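Reproduced below: data29.txt, with compact mmCIF, C-alpha atoms.
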# COMPACT_ATOMS: atom_id res chain seq x y z
CA MET A 1 0.00 0.00 0.00
CA LYS A 2 1.11 3.54 -0.74
CA GLY A 3 2.14 5.72 2.18
CA ILE A 4 0.55 8.98 3.26
CA CYS A 5 0.21 12.12 1.19
CA TYR A 6 0.87 15.19 3.34
CA ILE A 7 -0.55 18.40 1.90
CA VAL A 8 0.46 21.74 3.42
CA GLY A 9 -1.66 24.79 2.64
CA ALA A 10 -1.05 28.47 3.23
CA GLY A 11 -2.91 28.73 6.55
CA GLU A 12 -1.61 28.37 10.10
CA PHE A 13 0.73 25.37 10.29
CA THR A 14 1.29 23.04 13.23
CA PRO A 15 4.01 20.37 13.24
CA ARG A 16 1.77 18.09 15.35
CA GLY A 17 1.85 14.64 13.79
CA PHE A 18 3.77 15.84 10.77
CA LEU A 19 6.11 12.88 10.35
CA PRO A 20 6.57 12.01 6.68
CA LYS A 21 8.73 8.98 6.01
CA GLU A 22 9.94 6.98 3.06
CA GLY A 23 7.10 6.21 0.70
CA ASP A 24 5.12 9.29 1.72
CA LEU A 25 4.57 12.32 -0.50
CA VAL A 26 4.71 15.93 0.69
CA ILE A 27 2.89 18.48 -1.46
CA ALA A 28 3.08 22.22 -0.79
CA ALA A 29 -0.12 23.96 -1.85
CA ASP A 30 0.86 27.52 -2.73
CA GLY A 31 1.99 29.38 0.43
CA GLY A 32 2.44 26.11 2.31
CA TYR A 33 5.87 26.15 0.73
CA GLN A 34 6.93 28.82 3.26
CA SER A 35 5.85 26.69 6.22
CA LEU A 36 7.86 23.75 4.96
CA THR A 37 11.01 25.70 4.12
CA ALA A 38 10.90 27.27 7.58
CA LEU A 39 11.21 23.74 8.96
CA GLY A 40 13.91 22.78 6.48
CA ILE A 41 11.59 20.33 4.70
CA ARG A 42 11.65 19.98 0.92
CA PRO A 43 8.28 19.07 -0.55
CA GLY A 44 8.15 16.66 -3.45
CA ILE A 45 6.23 19.21 -5.52
CA VAL A 46 4.63 22.64 -5.19
CA VAL A 47 1.20 23.25 -6.73
CA GLY A 48 -1.11 26.26 -6.97
CA ASP A 49 -1.55 29.73 -8.38
CA MET A 50 1.15 31.07 -6.01
CA ASP A 51 -0.89 34.13 -5.02
CA SER A 52 0.02 33.65 -1.35
CA ALA A 53 3.64 32.67 -1.89
CA THR A 54 6.21 35.06 -0.46
CA GLN A 55 9.33 33.38 -1.79
CA SER A 56 10.39 31.82 -5.05
CA VAL A 57 10.37 28.07 -5.49
CA VAL A 58 13.89 26.87 -6.24
CA GLY A 59 15.03 23.37 -7.14
CA ILE A 60 11.59 21.77 -6.65
CA PRO A 61 9.01 20.90 -9.34
CA LEU A 62 6.32 23.60 -9.54
CA LEU A 63 2.91 22.98 -11.08
CA ARG A 64 1.52 26.48 -11.52
CA PHE A 65 -2.09 27.39 -12.30
CA PRO A 66 -3.79 30.70 -13.16
CA ILE A 67 -5.35 32.66 -10.31
CA ARG A 68 -8.77 32.61 -12.02
CA LYS A 69 -9.73 28.94 -11.83
CA ASP A 70 -12.48 26.66 -10.53
CA ASP A 71 -10.34 24.81 -7.97
CA THR A 72 -8.69 25.76 -4.70
CA ASP A 73 -4.98 25.05 -4.37
CA LEU A 74 -5.82 22.42 -1.76
CA SER A 75 -8.16 20.70 -4.20
CA LEU A 76 -5.45 20.71 -6.88
CA ALA A 77 -3.03 19.13 -4.42
CA LEU A 78 -5.54 16.41 -3.50
CA LYS A 79 -6.07 15.58 -7.17
CA LEU A 80 -2.32 15.44 -7.68
CA GLY A 81 -1.85 13.09 -4.71
CA SER A 82 -4.67 10.88 -5.94
CA LEU A 83 -3.16 10.68 -9.43
CA ALA A 84 0.08 9.58 -7.78
CA GLY A 85 -1.82 6.66 -6.25
CA TYR A 86 -2.29 7.86 -2.66
CA LYS A 87 -5.45 7.05 -0.72
CA ARG A 88 -4.48 8.43 2.69
CA PHE A 89 -4.21 12.19 3.14
CA ARG A 90 -3.19 14.55 5.94
CA LEU A 91 -4.07 18.21 5.45
CA TYR A 92 -2.04 20.92 7.18
CA GLY A 93 -2.32 24.69 6.95
CA ALA A 94 -6.01 24.27 6.11
CA GLY A 95 -7.70 24.94 9.46
CA GLY A 96 -7.54 28.71 9.72
CA GLY A 97 -5.44 31.74 8.97
CA PRO A 98 -5.97 34.80 6.80
CA ARG A 99 -8.69 33.13 4.69
CA GLU A 100 -11.20 31.42 6.98
CA ASP A 101 -13.49 30.70 4.03
CA HIS A 102 -10.88 28.24 2.82
CA PHE A 103 -11.41 26.26 6.03
CA PHE A 104 -15.03 25.67 5.05
CA ALA A 105 -13.87 24.74 1.56
CA ALA A 106 -11.45 22.23 3.11
CA ILE A 107 -14.30 20.56 5.02
CA GLN A 108 -16.23 20.25 1.77
CA LEU A 109 -13.20 18.64 0.17
CA MET A 110 -12.82 16.22 3.08
CA ALA A 111 -16.42 15.06 2.70
CA GLY A 112 -16.11 14.70 -1.06
CA TRP A 113 -12.87 12.75 -0.96
CA SER A 114 -14.17 10.54 1.85
CA ARG A 115 -17.06 9.59 -0.44
CA ARG A 116 -14.47 8.50 -2.99
CA GLY A 117 -13.06 6.02 -0.48
CA MET A 118 -10.12 8.11 0.71
CA GLU A 119 -8.87 8.33 4.30
CA ILE A 120 -8.55 12.03 5.02
CA ARG A 121 -7.75 14.12 8.09
CA LEU A 122 -7.18 17.81 8.74
CA ILE A 123 -4.68 18.67 11.46
CA ALA A 124 -4.72 22.11 13.10
CA SER A 125 -3.04 23.37 16.27
CA ALA A 126 -6.12 22.95 18.49
CA PHE A 127 -8.12 20.23 16.76
CA THR A 128 -8.17 17.37 14.27
CA LEU A 129 -10.96 16.72 11.78
CA TYR A 130 -11.80 13.30 10.36
CA ALA A 131 -14.20 12.36 7.57
CA ILE A 132 -15.78 8.93 7.18
CA THR A 133 -18.38 7.63 4.75
CA GLY A 134 -20.20 4.37 5.31
CA GLY A 135 -17.47 3.02 7.58
CA SER A 136 -15.85 3.19 11.00
CA LEU A 137 -13.00 4.98 12.71
CA ILE A 138 -11.07 4.29 15.90
CA ILE A 139 -9.20 7.30 17.26
CA PRO A 140 -6.92 7.72 20.29
CA THR A 141 -8.48 10.09 22.81
CA ILE A 142 -7.82 11.91 26.07
CA PRO A 143 -10.59 11.61 28.67
CA GLY A 144 -12.67 14.78 28.85
CA LYS A 145 -11.59 16.21 25.50
CA ILE A 146 -14.40 17.31 23.21
CA ILE A 147 -15.40 15.11 20.27
CA SER A 148 -18.23 16.36 18.09
CA VAL A 149 -19.85 14.31 15.34
CA PHE A 150 -21.65 16.08 12.49
CA SER A 151 -23.55 14.73 9.51
CA TYR A 152 -22.30 16.13 6.22
CA SER A 153 -25.01 14.31 4.35
CA PRO A 154 -28.66 15.41 4.55
CA GLU A 155 -28.99 12.34 6.77
CA SER A 156 -26.46 9.89 8.22
CA SER A 157 -27.98 6.69 9.58
CA GLY A 158 -26.72 3.79 11.66
CA VAL A 159 -24.33 5.99 13.64
CA THR A 160 -22.59 4.22 16.54
CA LEU A 161 -20.56 6.02 19.19
CA ARG A 162 -18.42 4.13 21.70
CA GLY A 163 -15.87 5.37 24.23
CA LEU A 164 -17.66 8.71 24.64
CA ASP A 165 -19.67 10.18 27.51
CA TYR A 166 -22.80 9.85 25.42
CA GLU A 167 -22.74 6.48 23.68
CA GLU A 168 -25.20 5.73 20.91
CA ASN A 169 -26.23 2.81 18.74
CA ASN A 170 -28.07 3.14 15.42
CA LEU A 171 -28.42 6.91 15.78
CA THR A 172 -29.58 9.08 12.87
CA LEU A 173 -27.95 12.49 12.42
CA GLN A 174 -29.03 15.27 10.08
CA ASN A 175 -26.96 18.09 8.61
CA ASP A 176 -29.27 20.80 9.97
CA VAL A 177 -29.60 19.49 13.55
CA PRO A 178 -26.42 19.67 15.72
CA LEU A 179 -27.30 16.65 17.85
CA GLY A 180 -23.73 15.30 17.90
CA VAL A 181 -22.00 18.46 19.11
CA SER A 182 -19.87 18.61 22.28
CA ASN A 183 -19.65 14.98 23.27
CA ALA A 184 -16.48 14.04 25.15
CA ALA A 185 -14.00 11.20 25.35
CA ALA A 186 -14.61 8.80 28.23
CA GLY A 187 -11.38 6.83 27.87
CA ARG A 188 -8.29 6.40 25.76
CA ARG A 189 -9.96 5.57 22.47
CA ALA A 190 -13.26 6.11 20.73
CA LEU A 191 -15.11 4.17 18.02
CA ILE A 192 -17.29 6.10 15.60
CA SER A 193 -19.09 4.39 12.74
CA VAL A 194 -21.82 5.19 10.24
CA ARG A 195 -23.76 2.73 8.08
CA ARG A 196 -24.93 5.26 5.48
CA GLY A 197 -23.83 8.85 4.98
CA THR A 198 -20.78 11.03 5.62
CA LEU A 199 -19.62 12.22 9.02
CA ILE A 200 -17.21 15.00 9.94
CA ILE A 201 -15.65 14.38 13.37
CA TRP A 202 -14.12 17.23 15.35
CA GLN A 203 -11.60 16.25 18.05
CA THR A 204 -9.98 18.83 20.31
CA VAL A 205 -6.41 18.23 21.47

For this file, produce the structure as C-alpha cells.
Amino acid sequence: MKGICYIVGAGEFTPRGFLPKEGDLVIAADGGYQSLTALGIRPGIVVGDMDSATQSVVGIPLLRFPIRKDDTDLSLALKLGSLAGYKRFRLYGAGGGPREDHFFAAIQLMAGWSRRGMEIRLIASAFTLYAITGGSLIIPTIPGKIISVFSYSPESSGVTLRGLDYEENNLTLQNDVPLGVSNAAAGRRALISVRRGTLIIWQTV
C-alpha cells in the first residue's frame, strides 16, 4: 500500500503529527511552501496559483495554475496526490489563517474525498478533523476532551458512538440538527461508525 500524502496549505501550520517517512509524498499547496522551508523540509512538488507565496520556489518541481480557476490550491493538491496513487491524506495549513473561508472549503473537500473512499484528516493546532463515509474509525483520545460528530449528508444513519460520555447505537444524524455536538471522550480511544452517509468528526487536542 502507498504511504501517506501530506498536503500543506497556506494557513496556520502546526508540526503536530507531521512525520513524513519513506514512501510518503509531501505536497506544498501555494503558500504552504513557506511553512515547509521554515522547517527545512523539501516538498516533493509545489502546486497552486502562487498568489500567497512570499518566496520563489527553487530546485523543486512547480505545477503552476492561473489565479482565475475553478479549484482551490488544496483541491489541486488532493487531485495530484490521488493521481500519484495515494489514498491516505493529511491536510495541514487548512484549518484557519488569513482566509477562513478556505477552512469551510477544506471541510467540503474532506467530505467529497471521503465519499471516494479516501482516508482524510485535517490537522490544526487545536483540533483534528476526520471524515468517514459508510465506515468506521477508531481514534486515540484523552478523557474529557471534546469530540463532536456532524452529519455532512442530509442524513447519516446507523451511527454508533463508543468510548464517549454519550454512547449511541443506530443513531440518525441530520446536517441541519447539531445533535452530535460537544460529546467528550470517556477513555483512551473512541469508536465512531456510520452505516450510510458522511460524518465529519471534530476532536480537540

Review point. So which one's closest to A:Thr141, A:Ser82, A:Thr14, A:Gln174, A:Thr128? Using only C-alpha atoms, please.
Key: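 Looking at the shortest contact to A:Thr141, the residue is A:Thr128.
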
Practice item. Mind checking which residues fall within 8 Å of A:Tyr33, counting only C-alpha atoms, ignoring those fewer than 2 positions away in the same chain, and posting them as a ChimeraX atom specification? Key: /A:8-10,28-31,35-37,43,46,53,57

Those same residues, written as a short mmCIF file (atom, residue, chain, number, x, y, z; two decimals), keeping the file's coordinate frame with C-alpha atoms?
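Output (part.cif):
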data_model
loop_
_atom_site.label_atom_id
_atom_site.label_comp_id
_atom_site.auth_asym_id
_atom_site.auth_seq_id
_atom_site.Cartn_x
_atom_site.Cartn_y
_atom_site.Cartn_z
CA VAL A 8 0.46 21.74 3.42
CA GLY A 9 -1.66 24.79 2.64
CA ALA A 10 -1.05 28.47 3.23
CA ALA A 28 3.08 22.22 -0.79
CA ALA A 29 -0.12 23.96 -1.85
CA ASP A 30 0.86 27.52 -2.73
CA GLY A 31 1.99 29.38 0.43
CA SER A 35 5.85 26.69 6.22
CA LEU A 36 7.86 23.75 4.96
CA THR A 37 11.01 25.70 4.12
CA PRO A 43 8.28 19.07 -0.55
CA VAL A 46 4.63 22.64 -5.19
CA ALA A 53 3.64 32.67 -1.89
CA VAL A 57 10.37 28.07 -5.49
#

Exercise for review: Can you pull out every residue within 10 Å of A:Pro20, counting only C-alpha atoms, but drop anything in the same chain fewer than 5 positions away, and send it as a VMD selection string?
Suggested key: chain A and resid 3 to 6 25 to 26 41

Practice item. Could you please determine the separation between atom CA of A:Asp24 and atom CA of A:Ala131 in Å, to one decimal place? Key: 20.4 Å

Review point. Rounded to one decimal in Å, what is the spacing between atom CA of A:Gly180 and atom CA of A:Ser151?
Key: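 Going from atom CA of A:Gly180 over to atom CA of A:Ser151, I get 8.4 Å.
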
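Coordinates place atom CA of A:Arg42 at a distance of 21.5 Å from atom CA of A:Ser125.
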